[in-house]
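For reference, entry-v1.csv is printed below; it contains CSV, C-alpha atoms.
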```
chain,number,residue,atom,x,y,z
S,1,MET,CA,3.7,16.9,12.6
S,2,SER,CA,5.4,20.2,12.0
S,3,LYS,CA,3.3,23.2,11.2
S,4,SER,CA,5.4,23.9,8.1
S,5,PHE,CA,3.1,21.7,6.0
S,6,SER,CA,1.1,23.6,3.4
S,7,ARG,CA,-0.6,23.0,0.1
S,8,THR,CA,2.7,23.7,-1.8
S,9,ARG,CA,4.8,20.6,-2.5
S,10,PRO,CA,7.6,20.4,0.1
S,11,THR,CA,11.2,20.0,-1.0
S,12,PHE,CA,12.8,16.6,-0.4
S,13,ASN,CA,14.9,18.1,2.5
S,14,GLN,CA,11.7,19.3,4.2
S,15,PHE,CA,10.0,16.0,3.6
S,16,ARG,CA,13.0,14.0,4.9
S,17,ASP,CA,13.0,16.2,8.1
S,18,TRP,CA,9.3,15.5,8.6
S,19,PHE,CA,10.0,11.8,8.3
S,20,LEU,CA,12.9,12.0,10.7
S,21,GLU,CA,10.6,13.9,13.1
S,22,ALA,CA,8.1,11.0,12.9
S,23,VAL,CA,10.9,8.5,13.5
S,24,ASP,CA,12.0,10.5,16.5
S,25,ARG,CA,8.5,10.6,18.0
S,26,HIS,CA,8.3,6.8,17.9
S,27,SER,CA,11.9,6.0,18.6
S,28,PRO,CA,13.6,8.9,20.4
S,29,GLY,CA,17.2,9.4,19.6
S,30,ASN,CA,17.3,7.2,16.5
S,31,ALA,CA,16.7,9.9,13.9
S,32,ASN,CA,19.8,12.0,14.4
S,33,ASN,CA,21.5,10.8,11.2
S,34,PRO,CA,19.5,10.4,8.0
S,35,LEU,CA,22.2,7.9,6.8
S,36,ALA,CA,21.6,5.7,9.9
S,37,GLN,CA,20.3,2.2,9.0
S,38,TRP,CA,16.5,1.8,9.0
S,39,HIS,CA,16.9,-1.4,11.0
S,40,SER,CA,18.6,0.4,13.8
S,41,VAL,CA,15.3,2.3,14.6
S,42,GLY,CA,13.7,-0.8,16.0
S,43,GLU,CA,11.8,-4.0,15.2
S,44,GLU,CA,9.6,-4.3,12.1
S,45,ALA,CA,6.4,-3.6,14.0
S,46,LEU,CA,7.8,-0.2,15.2
S,47,ARG,CA,9.0,0.7,11.7
S,48,GLN,CA,5.6,-0.2,10.3
S,49,GLU,CA,3.9,2.0,12.9
S,50,ILE,CA,6.3,4.9,12.0
S,51,ILE,CA,5.4,4.7,8.3
S,52,SER,CA,1.7,4.4,9.1
S,53,SER,CA,1.8,7.4,11.4
S,54,PHE,CA,3.7,9.4,8.9
S,55,LEU,CA,1.2,8.6,6.1
S,56,ASP,CA,-1.6,9.6,8.5
S,57,ASP,CA,0.1,12.9,9.0
S,58,LEU,CA,0.5,13.5,5.3
S,59,GLU,CA,-3.2,12.6,4.7
S,60,MET,CA,-4.3,15.0,7.4
S,61,LYS,CA,-2.2,17.9,6.0
S,62,PHE,CA,-2.5,17.3,2.2
S,63,GLY,CA,-5.9,15.5,1.9
S,64,PHE,CA,-4.5,12.2,0.5
S,65,ARG,CA,-2.5,9.3,1.7
S,66,PRO,CA,0.3,8.1,-0.5
S,67,LEU,CA,-0.3,4.5,-1.7
S,68,LEU,CA,2.9,2.6,-1.2
S,69,LYS,CA,3.8,-0.7,-2.8
S,70,GLY,CA,6.1,-3.1,-1.0
S,71,GLU,CA,6.9,-3.4,2.6
S,72,LEU,CA,9.0,-0.4,3.5
S,73,HIS,CA,9.3,-1.5,7.1
S,74,LYS,CA,11.4,-4.5,5.9
S,75,LEU,CA,14.0,-2.5,3.8
S,76,ASP,CA,17.7,-2.7,4.6
S,77,CYS,CA,18.7,0.8,3.8
S,78,PRO,CA,19.3,4.2,5.4
S,79,LEU,CA,16.5,6.3,6.8
S,80,GLU,CA,16.9,8.8,4.0
S,81,SER,CA,16.2,6.0,1.4
S,82,VAL,CA,12.9,5.2,3.1
S,83,ALA,CA,12.0,8.9,3.1
S,84,ASN,CA,13.0,9.1,-0.6
S,85,ARG,CA,10.7,6.2,-1.6
S,86,ILE,CA,7.8,7.8,0.2
S,87,PHE,CA,8.6,11.2,-1.3
S,88,HIS,CA,8.6,9.9,-4.8
S,89,VAL,CA,5.1,8.4,-4.5
S,90,PHE,CA,3.9,11.5,-2.6
S,91,SER,CA,5.2,13.9,-5.2
S,92,THR,CA,3.6,11.9,-8.0
S,93,MET,CA,0.2,11.8,-6.2
S,94,PHE,CA,0.6,15.5,-5.3
S,95,LEU,CA,1.0,16.4,-8.9
S,96,VAL,CA,-2.1,14.4,-9.8
S,97,GLU,CA,-4.1,16.1,-7.1
S,98,HIS,CA,-2.9,19.5,-8.4
S,99,ILE,CA,-4.0,18.6,-11.9
S,100,ASN,CA,-7.3,17.3,-10.7
S,101,ALA,CA,-7.9,20.5,-8.7
S,102,LYS,CA,-7.2,22.6,-11.8
S,103,MET,CA,-9.5,20.5,-14.0
S,104,TYR,CA,-12.3,19.8,-11.6
S,105,GLY,CA,-11.9,22.2,-8.7
S,106,ARG,CA,-11.2,21.1,-5.1
S,107,SER,CA,-13.0,17.9,-4.3
S,108,VAL,CA,-13.8,15.9,-1.2
S,109,LYS,CA,-11.4,13.3,0.0
S,110,ARG,CA,-11.0,10.5,-2.5
S,111,GLU,CA,-9.6,7.0,-2.2
S,112,HIS,CA,-6.6,6.3,-4.6
```
Final structure tokens representation of the file:
Amino acid sequence: MSKSFSRTRPTFNQFRDWFLEAVDRHSPGNANNPLAQWHSVGEEALRQEIISSFLDDLEMKFGFRPLLKGELHKLDCPLESVANRIFHVFSTMFLVEHINAKMYGRSVKREH
């Protein structure tokens, strides 16, 4: 994952770029266009691996793993839409983590 991760919340464009980097690591040449169809990246198993790997990277860099509902690897939408869904959950959880840190101080890794 890019070294541009920090404890400040990334913009959507940064987040989308990181997601596209993850796609490109697992399926080279398929992340050139954020409006390309998610299904064009590969089979469901590969798409599921990409999402899992990306969430692992987020957990390593930010200290929490976004908890996603639904099966994003099965969506029929552009890559940018997948990144947007993950970003929405990530941003919400990031805000909660920020509030908790202000109220209780930095804590050890917690399960959400």
For this session: Might you pull out every residue within 10 Å of Val41 (chain S), with all atoms listed in the file counted and same-chain residues fewer than 5 positions away left off, and present them as JSON, numbers by chain?
Result: {"S": [23, 24, 26, 27, 28, 29, 30, 31, 36, 46, 47, 50, 79]}
Problem set entry | Nearest-residue call for Pro10 (chain S), choices S:Glu97, S:Ile86, S:Gly63, S:Ser91, using only C-alpha atoms | S:Ser91
Exercise. Pick the closest to Phe15 (chain S) from S:Met60, S:Leu75, S:Ala83, S:Ile51: which is it, counting all atoms listed in the file?
Worked result: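 Selected residue with least distance to Phe15 (chain S): S:Ala83.
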Problem set entry | Residue nearest Ala22 (chain S) among S:Cys77, S:Val89, S:Gly70, S:Ser52 (counting all atoms listed in the file) |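 Of the candidates, the smallest distance to Ala22 (chain S) is held by S:Ser52.
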Problem set entry | Coordinates-based distance that separates CA of Val82 (chain S) from CA of Arg9 (chain S) (Å, one decimal) | 18.3 Å
For this session: Between S:Ser40, S:Gln48, S:Thr92, S:Asn32, single out the one closest to Arg16 (chain S), counting only C-alpha atoms.
Result: S:Asn32
Problem set entry | Straight-line distance linking CA of Leu20 (chain S) with CA of Phe64 (chain S), stated in Å to one decimal |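 These atoms are spaced 20.2 Å apart.
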Problem set entry | Atom pair CA of Phe54 (chain S) / CA of Met93 (chain S): separation (Å) | 15.7 Å
